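Have a look at work-v5.txt below; it lists compact mmCIF, C-alpha atoms.
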# COMPACT_ATOMS: atom_id res chain seq x y z
CA MET A 1 20.21 -1.01 30.01
CA SER A 2 17.47 -2.85 28.09
CA THR A 3 13.77 -2.28 28.48
CA LEU A 4 12.26 -5.39 30.03
CA PRO A 5 8.65 -6.48 29.56
CA ARG A 6 6.64 -6.40 32.75
CA GLN A 7 5.85 -10.08 32.32
CA SER A 8 6.50 -12.57 29.55
CA LEU A 9 3.51 -14.79 28.84
CA ASP A 10 3.51 -17.88 26.64
CA ALA A 11 0.63 -18.68 24.30
CA GLY A 12 -0.55 -21.62 26.40
CA SER A 13 -0.86 -19.52 29.56
CA ALA A 14 -2.55 -16.74 27.61
CA THR A 15 -5.08 -19.22 26.20
CA GLY A 16 -5.76 -20.41 29.73
CA ILE A 17 -6.48 -16.84 30.81
CA ALA A 18 -8.84 -16.41 27.85
CA GLU A 19 -10.68 -19.64 28.72
CA ASP A 20 -11.02 -18.74 32.41
CA SER A 21 -12.19 -15.25 31.47
CA ALA A 22 -14.78 -16.65 29.09
CA ARG A 23 -16.21 -18.79 31.89
CA LEU A 24 -16.46 -15.76 34.18
CA PHE A 25 -18.32 -13.83 31.49
CA GLN A 26 -20.59 -16.84 31.04
CA ARG A 27 -21.53 -16.66 34.72
CA ALA A 28 -22.25 -12.94 34.41
CA LEU A 29 -24.19 -13.10 31.14
CA THR A 30 -25.77 -16.55 31.66
CA ASP A 31 -27.65 -17.93 28.64
CA ARG A 32 -27.29 -14.66 26.71
CA LEU A 33 -23.70 -15.60 25.90
CA ILE A 34 -23.87 -17.66 22.72
CA ALA A 35 -20.12 -18.10 22.23
CA ALA A 36 -16.70 -16.89 23.32
CA TYR A 37 -13.68 -16.88 20.99
CA ALA A 38 -9.98 -16.19 21.12
CA LEU A 39 -8.99 -13.67 18.46
CA GLY A 40 -5.74 -12.17 17.21
CA SER A 41 -2.48 -13.99 17.62
CA LEU A 42 -4.01 -16.54 19.99
CA ALA A 43 -6.29 -17.61 17.14
CA HIS A 44 -4.15 -17.33 14.01
CA GLY A 45 -0.65 -17.67 15.48
CA GLY A 46 2.24 -15.33 16.08
CA PHE A 47 1.62 -14.67 19.79
CA ALA A 48 4.53 -12.59 21.13
CA PRO A 49 5.11 -13.46 24.80
CA ALA A 50 6.54 -10.04 25.65
CA VAL A 51 3.79 -7.84 24.27
CA SER A 52 0.75 -9.53 22.69
CA ASP A 53 -2.74 -8.85 23.98
CA ILE A 54 -5.14 -11.59 25.02
CA ASP A 55 -8.04 -10.92 22.65
CA LEU A 56 -11.39 -12.36 23.76
CA ALA A 57 -14.62 -12.02 21.77
CA LEU A 58 -18.13 -12.45 23.19
CA VAL A 59 -21.19 -13.06 21.00
CA LEU A 60 -24.50 -12.24 22.71
CA THR A 61 -28.07 -13.15 21.82
CA ASP A 62 -29.11 -9.50 21.89
CA ARG A 63 -27.96 -6.05 22.97
CA ARG A 64 -29.16 -4.59 26.29
CA HIS A 65 -28.57 -1.20 27.83
CA ASP A 66 -26.59 -2.58 30.77
CA ASP A 67 -24.22 -4.79 28.73
CA ASP A 68 -21.48 -2.15 28.62
CA ARG A 69 -21.52 -1.82 32.40
CA THR A 70 -21.60 -5.57 33.02
CA ILE A 71 -18.79 -6.39 30.61
CA HIS A 72 -16.70 -3.46 31.81
CA ARG A 73 -17.13 -4.60 35.43
CA VAL A 74 -16.08 -8.17 34.71
CA THR A 75 -13.16 -7.02 32.54
CA LEU A 76 -11.83 -4.79 35.33
CA GLU A 77 -12.23 -7.60 37.84
CA LEU A 78 -10.11 -9.83 35.62
CA GLN A 79 -7.51 -7.19 34.77
CA GLU A 80 -6.94 -6.44 38.45
CA ARG A 81 -5.75 -9.99 39.12
CA ASP A 82 -2.19 -9.54 37.83
CA SER A 83 -0.12 -8.06 35.01
CA SER A 84 -0.89 -11.00 32.70
CA HIS A 85 -4.63 -10.40 33.02
CA GLN A 86 -4.02 -6.71 32.30
CA ARG A 87 -3.37 -7.78 28.71
CA LEU A 88 -6.97 -8.93 28.34
CA SER A 89 -8.84 -7.06 25.59
CA VAL A 90 -12.54 -7.89 25.33
CA PHE A 91 -14.74 -7.44 22.26
CA TRP A 92 -18.48 -8.01 22.25
CA SER A 93 -21.52 -7.67 20.04
CA SER A 94 -24.87 -9.32 19.44
CA LEU A 95 -25.28 -12.02 16.81
CA PRO A 96 -27.92 -9.97 14.90
CA ALA A 97 -25.40 -7.11 14.58
CA LEU A 98 -22.64 -9.47 13.42
CA ARG A 99 -25.00 -10.90 10.81
CA ALA A 100 -25.64 -7.35 9.55
CA ASP A 101 -21.95 -6.27 9.58
CA ARG A 102 -22.37 -3.64 12.28
CA ASP A 103 -21.02 -3.06 15.76
CA ASP A 104 -23.51 -2.60 18.56
CA GLY A 105 -21.06 -3.13 21.40
CA ARG A 106 -17.28 -3.05 21.11
CA PHE A 107 -16.33 -5.01 18.02
CA PRO A 108 -14.35 -3.03 15.40
CA ALA A 109 -14.54 -4.11 11.77
CA VAL A 110 -11.04 -5.60 11.61
CA ASP A 111 -11.81 -7.76 14.66
CA ARG A 112 -15.12 -8.87 13.15
CA LEU A 113 -13.14 -10.00 10.10
CA ASP A 114 -10.69 -11.77 12.38
CA LEU A 115 -13.61 -13.56 14.07
CA LYS A 116 -14.96 -14.66 10.70
CA ASN A 117 -11.62 -15.86 9.37
CA SER A 118 -9.77 -17.16 12.41
CA GLY A 119 -11.87 -17.09 15.59
CA ARG A 120 -10.99 -19.96 17.92
CA LEU A 121 -14.04 -21.18 19.83
CA LEU A 122 -13.50 -21.34 23.61
CA LEU A 123 -17.03 -22.13 24.72
CA GLY A 124 -20.59 -22.13 23.40
CA GLU A 125 -21.93 -22.62 19.88
CA ASP A 126 -19.78 -21.79 16.86
CA VAL A 127 -21.61 -19.08 14.88
CA ARG A 128 -18.82 -17.87 12.62
CA GLN A 129 -20.74 -19.04 9.57
CA ASP A 130 -23.38 -16.41 10.40
CA VAL A 131 -20.95 -13.49 10.64
CA GLU A 132 -21.01 -11.11 7.68
CA PRO A 133 -17.44 -10.04 6.88
CA PRO A 134 -16.90 -6.28 6.57
CA GLY A 135 -15.93 -4.90 3.19
CA ALA A 136 -12.71 -3.11 2.32
CA ASP A 137 -14.20 0.39 2.69
CA THR A 138 -15.56 -0.40 6.14
CA LEU A 139 -12.18 -1.76 7.23
CA VAL A 140 -10.45 1.47 6.18
CA THR A 141 -12.94 3.93 7.65
CA ASP A 142 -13.27 2.01 10.92
CA SER A 143 -9.49 1.92 11.39
CA VAL A 144 -9.26 5.66 10.73
CA ARG A 145 -11.86 6.35 13.40
CA PHE A 146 -9.90 4.21 15.83
CA ALA A 147 -6.62 5.93 14.97
CA LEU A 148 -8.08 9.41 15.37
CA ARG A 149 -9.62 8.48 18.71
CA MET A 150 -6.62 6.67 20.20
CA LEU A 151 -3.50 8.09 18.54
CA ALA A 152 -4.29 11.66 17.54
CA PRO A 153 -5.12 13.37 20.89
CA ASP A 154 -2.61 15.98 22.05
CA PRO A 155 -1.27 13.99 25.05
CA VAL A 156 -0.32 11.17 22.66
CA LEU A 157 1.37 13.58 20.27
CA ALA A 158 3.35 15.03 23.15
CA GLU A 159 4.84 11.58 23.77
CA PHE A 160 5.63 11.22 20.08
CA HIS A 161 7.81 14.31 20.24
CA HIS A 162 9.31 13.52 23.67
CA PRO A 163 9.44 9.74 23.55
CA ALA A 164 11.74 8.74 26.43
CA ARG A 165 8.83 7.41 28.50
CA LEU A 166 7.43 5.58 25.47
CA ALA A 167 10.82 3.95 24.92
CA SER A 168 10.86 2.59 28.47
CA ASP A 169 7.59 0.64 28.14
CA THR A 170 8.01 -2.26 25.71
CA ARG A 171 4.31 -2.89 25.10
CA ARG A 172 3.43 0.75 24.52
CA PHE A 173 6.50 1.23 22.35
CA THR A 174 5.66 -1.69 20.06
CA LYS A 175 2.01 -0.63 19.77
CA ALA A 176 2.94 2.96 18.90
CA VAL A 177 5.26 1.83 16.11
CA LEU A 178 3.39 -1.18 14.75
CA LEU A 179 -0.27 -0.12 14.89
CA PRO A 180 -0.02 2.13 11.81
CA LEU A 181 1.59 -0.75 9.93
CA ARG A 182 -1.39 -2.95 10.81
CA PHE A 183 -3.75 -0.26 9.48
CA LEU A 184 -1.76 0.11 6.26
CA TYR A 185 -1.64 -3.66 5.74
CA THR A 186 -5.40 -3.99 6.14
CA ALA A 187 -6.05 -1.08 3.77
CA ALA A 188 -3.77 -2.64 1.15
CA THR A 189 -5.02 -6.21 1.43
CA ALA A 190 -8.57 -6.02 2.91
CA ASP A 191 -7.30 -8.60 5.41
CA CYS A 192 -6.70 -8.30 9.14
CA GLY A 193 -3.48 -10.31 8.88
CA SER A 194 -1.01 -10.48 11.76
CA THR A 195 1.49 -8.01 13.12
CA ASP A 196 4.28 -10.01 11.50
CA ASP A 197 2.42 -9.87 8.16
CA ALA A 198 2.18 -6.09 8.48
CA ILE A 199 5.87 -5.77 9.32
CA ARG A 200 6.91 -7.89 6.33
CA HIS A 201 4.59 -5.92 4.05
CA HIS A 202 6.06 -2.60 5.18
CA LEU A 203 9.70 -3.64 5.01
CA ALA A 204 9.20 -5.15 1.55
CA HIS A 205 8.85 -1.66 0.06
CA PRO A 206 11.99 -0.44 -1.76
CA SER A 207 12.51 2.40 0.75
CA PRO A 208 10.41 1.67 3.82
CA VAL A 209 9.75 4.64 6.09
CA ALA A 210 11.45 4.42 9.52
CA ALA A 211 12.83 0.97 8.73
CA ASP A 212 15.32 1.00 11.64
CA LEU A 213 12.54 1.92 14.06
CA VAL A 214 10.28 -0.83 12.71
CA ARG A 215 13.06 -3.40 13.03
CA ALA A 216 13.72 -2.27 16.61
CA ALA A 217 10.01 -2.65 17.41
CA THR A 218 10.11 -6.12 15.87
CA ARG A 219 13.03 -7.09 18.11
CA ALA A 220 11.22 -5.71 21.16
CA ARG A 221 8.06 -7.57 20.18
CA HIS A 222 10.03 -10.81 20.20
CA GLY A 223 11.60 -10.11 23.60
CA GLN A 224 14.91 -8.57 22.51
CA PRO A 225 14.51 -4.81 23.06
CA ASP A 226 17.30 -2.34 22.47
CA SER A 227 18.36 0.04 25.22
CA VAL A 228 16.08 2.90 26.22
CA GLU A 229 18.63 5.35 24.85
CA GLN A 230 18.73 3.63 21.47
CA LEU A 231 14.95 3.38 21.27
CA THR A 232 14.51 7.01 22.24
CA GLY A 233 16.82 8.08 19.42
CA LEU A 234 15.02 5.89 16.90
CA LEU A 235 11.65 7.23 18.02
CA GLN A 236 12.81 10.82 17.75
CA ALA A 237 14.06 10.20 14.23
CA GLY A 238 11.36 7.93 12.87
CA LEU A 239 8.03 8.00 14.68
CA VAL A 240 6.62 11.23 13.25
CA PRO A 241 7.71 10.35 9.68
CA LEU A 242 6.08 6.93 10.12
CA TYR A 243 2.78 8.50 11.13
CA LEU A 244 2.96 11.06 8.35
CA HIS A 245 3.39 8.15 5.95
CA TYR A 246 0.35 6.45 7.46
CA ILE A 247 -1.76 9.61 7.22
CA ASP A 248 -0.72 10.45 3.65
CA SER A 249 -1.30 6.86 2.46
CA THR A 250 -4.67 6.72 4.19
CA LEU A 251 -5.83 10.01 2.68
CA LEU A 252 -5.27 8.44 -0.74
CA SER A 253 -7.17 5.24 0.11
CA LEU A 254 -10.06 6.74 2.07
CA PRO A 255 -13.36 6.04 0.28
CA PRO A 256 -15.31 9.04 -1.10
CA GLY A 257 -17.86 10.65 1.16
CA ASN A 258 -15.72 10.65 4.29
CA GLY A 259 -14.94 14.33 4.51
CA GLU A 260 -15.00 14.40 8.29
CA LEU A 261 -12.42 11.62 8.51
CA SER A 262 -10.28 13.27 5.83
CA GLN A 263 -10.33 16.53 7.76
CA GLY A 264 -9.46 14.71 10.94
CA LEU A 265 -6.41 13.18 9.26
CA VAL A 266 -5.35 16.55 7.83
CA ASP A 267 -5.68 18.20 11.26
CA TRP A 268 -3.70 15.36 12.83
CA ARG A 269 -0.97 15.80 10.23
CA THR A 270 -0.77 19.53 10.95
CA ARG A 271 -0.45 18.97 14.68
CA LEU A 272 2.26 16.36 14.17
CA LEU A 273 4.32 18.89 12.22
CA ASP A 274 3.62 21.87 14.49
CA ARG A 275 5.34 20.48 17.57

Translate this structure into structure tokens?
Amino acid sequence: MSTLPRQSLDAGSATGIAEDSARLFQRALTDRLIAAYALGSLAHGGFAPAVSDIDLALVLTDRRHDDDRTIHRVTLELQERDSSHQRLSVFWSSLPALRADRDDGRFPAVDRLDLKNSGRLLLGEDVRQDVEPPGADTLVTDSVRFALRMLAPDPVLAEFHHPARLASDTRRFTKAVLLPLRFLYTAATADCGSTDDAIRHHLAHPSPVAADLVRAATRARHGQPDSVEQLTGLLQAGLVPLYLHYIDSTLLSLPPGNGELSQGLVDWRTRLLDR
């Protein structure tokens, strides 16, 4: 039996959700919302109907203490509408922070670069010319912080070693396999790129790590998942080696002066091997 996506969503419908969501945020934030953009695959192409997120970016005039609560409230209201809206991922920051290449809301470095390079204006005034693109070192260190926060906790590692549930959820399966490839691509190129770019970059190596698993994730991403049994076997064989490859490569590329991040990667590596 194949794993089926909860709902397939074409790029046009996803763009409509992003536009409607932007208007709802505009009502909540009023004239403090300078602009709203589509990011990711909705902006630069490659939207995968089975799994892609709907990435929405909000640029504010300034940063206020209640912004997190307001944006979180509106995001939850939207995500509760249906499974398509559950794909909504919202980034936000103030224009002064974007001009200074810093995040004062929720706007990771790779997404700030995506805004600069490919942001698709949905409403408001286009301010991409004012955005300062993050440098290569910032892209690497920011992605490591994200990886340690989201992928290194013990409950996540438990699924890596007992992956049947992971194999049964197409979106979570593709993210688990393909996120480290995105990080490696950005570290190698200083570009956010697309998921397909990252896949091609990885598989172009003479002996790519976990190649069968990556190809299975690519099929699932494009709506043709293998059976749960097949995916479980591929995860058991390839997921930990893939993450060890990511960690070892990142330790070599991490800029000097990031001892805490280096130690976090080393600890993560140890826990991956201990289970």

Using all atoms listed in the file, determine which residues lie at most 9 Å from stretch 260-273 of chain A, disregarding the query and same-chain residues fewer than 2 positions distant; provide the list as a PDB file with C-alpha atoms, in the coordinates of the input.
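What landed in part.pdb:
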ATOM      1  CA  THR A 141     -12.940   3.930   7.650  1.00  0.00           C
ATOM      2  CA  VAL A 144      -9.260   5.660  10.730  1.00  0.00           C
ATOM      3  CA  ARG A 145     -11.860   6.350  13.400  1.00  0.00           C
ATOM      4  CA  LEU A 148      -8.080   9.410  15.370  1.00  0.00           C
ATOM      5  CA  ALA A 152      -4.290  11.660  17.540  1.00  0.00           C
ATOM      6  CA  PRO A 153      -5.120  13.370  20.890  1.00  0.00           C
ATOM      7  CA  ASP A 154      -2.610  15.980  22.050  1.00  0.00           C
ATOM      8  CA  LEU A 157       1.370  13.580  20.270  1.00  0.00           C
ATOM      9  CA  PHE A 160       5.630  11.220  20.080  1.00  0.00           C
ATOM     10  CA  HIS A 161       7.810  14.310  20.240  1.00  0.00           C
ATOM     11  CA  VAL A 240       6.620  11.230  13.250  1.00  0.00           C
ATOM     12  CA  TYR A 243       2.780   8.500  11.130  1.00  0.00           C
ATOM     13  CA  LEU A 244       2.960  11.060   8.350  1.00  0.00           C
ATOM     14  CA  ILE A 247      -1.760   9.610   7.220  1.00  0.00           C
ATOM     15  CA  ASP A 248      -0.720  10.450   3.650  1.00  0.00           C
ATOM     16  CA  THR A 250      -4.670   6.720   4.190  1.00  0.00           C
ATOM     17  CA  LEU A 251      -5.830  10.010   2.680  1.00  0.00           C
ATOM     18  CA  LEU A 254     -10.060   6.740   2.070  1.00  0.00           C
ATOM     19  CA  GLY A 257     -17.860  10.650   1.160  1.00  0.00           C
ATOM     20  CA  ASN A 258     -15.720  10.650   4.290  1.00  0.00           C
ATOM     21  CA  ARG A 275       5.340  20.480  17.570  1.00  0.00           C
TER      22      ARG A 275
END

* Test item: residues at most 8 Å from A:Arg128, only C-alpha atoms, excluding those fewer than 6 positions along its chain, as a ChimeraX atom specification -> /A:115-116,119

Would you output that residue set with C-alpha atoms, as a short mmCIF file (atom, residue, chain, number, x, y, z; two decimals), keeping the file's coordinate frame?
data_model
loop_
_atom_site.label_atom_id
_atom_site.label_comp_id
_atom_site.auth_asym_id
_atom_site.auth_seq_id
_atom_site.Cartn_x
_atom_site.Cartn_y
_atom_site.Cartn_z
CA LEU A 115 -13.61 -13.56 14.07
CA LYS A 116 -14.96 -14.66 10.70
CA GLY A 119 -11.87 -17.09 15.59
#

Where does stretch 29-121 of chain A meet stretch 204-228 of chain A within 7 Å, residue by residue, with the nearest atom pair and distance in Å to one decimal for each, counting only C-alpha atoms, listed by chain and rising number, as a tab-separated table?
residue	atom	partner	partner_atom	distance
A:Ala48	CA	A:His222	CA	5.9
A:Ala50	CA	A:Gly223	CA	5.5
A:Val51	CA	A:Arg221	CA	5.9

* Leaving out stretch 87-92 of chain A and any residue of its chain fewer than 5 positions from it, which residues lie within 6 Å of it when counting all atoms listed in the file, given as a list in words? -> Asp53, Ile54, Asp55, Leu56, Ala57, Leu58, Val59, Gly105, Arg106 and Phe107 of chain A

* Counting only C-alpha atoms, the residue of A:Thr70, A:Ser84, A:Thr138, A:Ser168 that sits nearest A:Asp101 ->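 Residue with the minimum atom-to-atom distance to A:Asp101: A:Thr138.
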
* To do: Work out how far atom CA of A:Gly135 is from atom CA of A:Gly259, in Å to one decimal.
  => 19.3 Å

* Å distance separating atom CA of A:Glu125 from atom CA of A:Leu60, one decimal place -> 11.1 Å
